[in-house]
2 protein chains.
Amino acid sequence: MDSDNQPQLIDTDVHISMKELSDLIPFLPKVWHEQWLAKGIAFSGYYSSVGVTRKDADPPNGGGPGSDPQYLLEHHIEKNHIDYAILTGSANILGVSLHPDLDYGNALATAYNDWMVETWLKHSPKYKGSMVINPSDPEAAVKEIERMANHPEIVQVIMSSASRTLYGQRFYHPIYEAAEHYGLPIAIHPGAEGRSVSGPPTPSGYPSRYFEYHNIIPATYMAHVNSLVTEGVFEKYPNFNFVALEGGVSWLPHLMWRMDKNYKGLRDSVPWLKKLPSEYIKKNIRFSTQPIEEPENPQHLKQIFEMVGAGDMTMYSSDYPHWDYDNPSMVLAPLPRYMREKIKAKNAIELYQLNEKVRKADQLPLSMGEMNND
Amino acid sequence: MDSDNQPQLIDTDVHISMKELSDLIPFLPKVWHEQWLAKGIAFSGYYSSVGVTRKDADPPNGGGPGSDPQYLLEHHIEKNHIDYAILTGSANILGVSLHPDLDYGNALATAYNDWMVETWLKHSPKYKGSMVINPSDPEAAVKEIERMANHPEIVQVIMSSASRTLYGQRFYHPIYEAAEHYGLPIAIHPGAEGRSVSGPPTPSGYPSRYFEYHNIIPATYMAHVNSLVTEGVFEKYPNFNFVALEGGVSWLPHLMWRMDKNYKGLRDSVPWLKKLPSEYIKKNIRFSTQPIEEPENPQHLKQIFEMVGAGDMTMYSSDYPHWDYDNPSMVLAPLPRYMREKIKAKNAIELYQLNEKVRKADQLPLSMGEMNND
């Protein structure tokens with residue numbers, strides 16, 4: 001914080017995990033205990049030759065990287081002068097939407113959210129929570145949003161970027177209606193691409209190994225951004241914000257230009273759109289910086305950011321404790337100062353309403369709110 | 001041509017079609033006649049609200065756009081002072097690799113190539129042919145390359161960008177070995193994404209309509225480029241060229257930077273790579289310009305091209321007679337002169353050896369060549 005108590009640095013992607021699978025047991029209905037302890041979410045998944053976590057992030061008192069609230073504070077948050085950390089779970093728990101059994105996925109999402117509140121959000125006011133939902137069961141996802149939305153330390157809904165169908169499709173719209181109602185953005189996060197009942201990570205099937213898989217994750221992000229805009233989600237829910245975490249930024253010029261060019265020729269097939277596709281992206285979608293692109297000539301990154309106004313759309317993220325962590329004092333250096341300030345804190349403060357004591361939350365449940373309007 | 005008889009403008013993506021399905025009958029074994037006439041390649045496919053061809057491209061003597069060799073010469077080639085047109089078939093015939101019956105696909109590829117030679121390559125020396133192969137049956141594809149490679153007017157092999165698996169995988173390597181042997185580049189072309197036995201057009205399933213589908217075609221291209229480089233195709237076949245037709249260009253900075261950054265962290269999982277991934281792309285892969293991105297500020301396109309040296313990697317293409325045709329006198333205007341000259345002709349001359357009377361073709365079949373080396 002500065003002298004006016006304004007946050008100066010917010011990390012929008014900090015991962016947490018359980019020390020052991022059994023940590024979730026107190027929060028999970030008994031019927032699921034045996035399956036959870038035996039199989040977890042039973043991902044297959046690619047193998048990273050350098051591991052997926054930093055070698056220096058093991059807490060001294062045991063448990064894996066990101067599993068100790070006090071050590072994470074000391075090792076990352078305080079050391080880097082981070083005012084708030086938006087907790088984003090892990091690719092493992094986000095996979096609840098990719099398990100074939102919707103009930104199992106719903107139960108795990110609920111249990112995770114309760115565990116996160118107890119273990120993390122009560123530990124430090126610097127931690128802000130993302131509630132996990134199972135978007136493959138929209139009715140259950142809406143109920144979970146209604147259950148958790150008014151928790152004052154929960155600032156976001158999160159789900160896996162890997163999905164059974166594109167996130168712009170009508171199937172998911174009740175979820176966006178609920179998120180807009182409660183003033184909560186919905187983030188996606190990668191890591192489950194190609195696993196469980198998700199489709200393959202590319203339109204032509206499975207990359208052979210982690211390096212190739214990791215290179216192409218943005219294809220999923222481009223597809224979702226394209227779908228959300230094209231299906232008219234942001235005309236239907238104009239105050240709804242979608243957050244593309246850890247999916248890259250520098251593909252935005254290409255996608256925006258291609259969408260805008262095609263819109264000029266084919267707009268009669270999407271008559272619900274009232275402006276250029278790129279304008280919806282700029283207004284309603286936010287992006288996190290990590291893993292920031294690192295061209296040989298740093299000016300090229302600045303050029304890309306300037307082309308699309310990315311200084312207003314992106315938010316700093318570290319991806320702590322993962323292997324490709326971005327240090328806040330280094331990664332934004334190629335960008336001009338006016339962008340850095342927004343990216344480090346201002347854009348996140350605005351999106352997550354971090355300066356307002358009471359969010360416009362404390363909303364009635366969606367159904368009751370509607371009844372009151374009648 | 002200029003005064004030195006040097007080509008000044010080459011169009012690397014001109015589509016041709018049959019007037020009627022029955023045009024192929026003289027070239028197709030009798031066993032397939034009934035299926036071809038009844039079903040064609042039985043695509044489903046997205047519906048373009050503006051159609052897929054220009055409204056003004058119907059030949060006066062009947063047949064659809066791109067089906068009359070003489071009218072195409074007059075309407076497009078001569079009118080635009082194009083020296084050579086690289087014929088690229090159509091998405092329909094390229095779908096031979098996506099029909100479940102490999103024998104049917106192989107027969108159609110062979111019949112199409114014979115029809116193209118008779119109907120088009122004999123009509124004008126301005127027409128240069130791309131032979132269609134069925135990469136889903138590599139042994140048959142190699143035989144087809146051996147059968148057609150020494151035809152002096154055939155300058156390229158072509159296949160669908162939509163595929164069952166990623167094109168870098170070992171399954172396809174015999175095809176690349178043959179192409180390198182005969183000095184023929186292999187091009188991919190979009191249009192069959194999501195059809196027949198191809199996977200869905202995105203990692204999260206099917207876009208809802210043509211506009212959305214067309215916006216996201218580059219995801220397939222990014223995945224193939226990533227796969228070809230990562231699997232070491234260009235270390236194994238260093239003189240092999242891959243051509244990404246009609247898949248966009250402006251995503252190259254993002255993909256190159258992401259691949260290079262990940263390579264620095266994960267190169268021990270791809271020990272066969274000897275240099276940065278972006279260097280293979282620059283040396284071995286070529287791109288066509290259409291549909292060229294059209295940012296509001298044309299300088300942004302120039303910046304993108306300069307970032308990655310796209311002036312050396314791209315070739316002009318019109319996509320005649322399709323709806324999103326790019327006129328050669330307009331689309332390259334935002335680029336500096338030194339790039340325009342390369343993009344209009346020089347890069348294609350070099351790739352397709354259009355200045356050499358005798359290509360390094362007239363090669364012995366692959367198997368015999370190998371025997372002679374023993």
# chains A, B, ... in the order shown; residues from 1 in each chain; ligands from 1
call {"tool": "select_by_dssp", "arguments": {"residues": "range 106-293 of chain B", "states": "strand (DSSP E or B)", "output": "list in words"}}
result
Tyr127, Lys128, Gly129, Ser130, Met131, Val132, Ile154, Val155, Gln156, Val157, Ile158, Met159, Ser160, Ile186, Ala187, Ile188, His189, Thr202, Gly205, Phe242, Val243, Ala244, Ile285, Arg286, Phe287 and Ser288 of chain B
call {"tool": "select_by_dssp", "arguments": {"residues": "range 101-305 of chain A", "states": "helix (DSSP H, G or I)", "output": "PyMOL selection string"}}
result
chain A and resi 102-121+138-148+170-182+210-215+217-230+233-236+252-269+277-284+298-305
call {"tool": "atom_distance", "arguments": {"atom1": "CA of Ile281 in chain A", "atom2": "CA of Met315 in chain A"}}
result
14.7 Å
call {"tool": "closest_atom_pairs", "arguments": {"of": "chain B", "to": "chain A", "cutoff": "6 Å", "atoms": "only C-alpha atoms", "output": "tab-separated table"}}
result
residue	atom	partner	partner_atom	distance
B:Ser163	CA	A:Ser204	CA	5.6
B:Arg164	CA	A:Ser204	CA	5.6
B:Thr165	CA	A:Ser204	CA	4.8
B:Leu166	CA	A:Ser204	CA	5.2
B:Gly199	CA	A:Pro203	CA	5.6
B:Pro200	CA	A:Pro203	CA	5.7
B:Pro201	CA	A:Pro203	CA	5.0
B:Thr202	CA	A:Pro203	CA	4.9
B:Pro203	CA	A:Thr202	CA	4.9
B:Ser204	CA	A:Thr165	CA	4.8
B:Gly205	CA	A:Thr165	CA	5.0
B:Asn215	CA	A:Met259	CA	5.6
B:Ala219	CA	A:Ala219	CA	5.2
B:Thr220	CA	A:Pro203	CA	5.7
B:Ser250	CA	A:His254	CA	5.1
B:Trp251	CA	A:His254	CA	5.5
B:His254	CA	A:Ser250	CA	5.1
B:Trp257	CA	A:Pro295	CA	5.6
B:Met259	CA	A:Asn215	CA	5.7
B:Glu293	CA	A:Trp257	CA	5.8
B:Pro295	CA	A:Trp257	CA	5.6
call {"tool": "residues_around", "arguments": {"residues": "Glu246 in chain B", "least_positions_apart": "4", "cutoff": "9 Å", "atoms": "only C-alpha atoms", "output": "list in words"}}
result
Asp13, Ile188, His189, Pro190, Pro218, Phe287, Ser288, Thr289, Gln290, Pro291, Ile292, Ser317 and Asp319 of chain B
call {"tool": "closest_residue", "arguments": {"among": "B:Ile349, B:Val132, B:Leu94, B:Ile175", "to": "Val157 in chain B", "atoms": "only C-alpha atoms"}}
result
B:Val132
call {"tool": "atom_distance", "arguments": {"atom1": "CA of Leu354 in chain B", "atom2": "CA of His75 in chain B"}}
result
23.0 Å
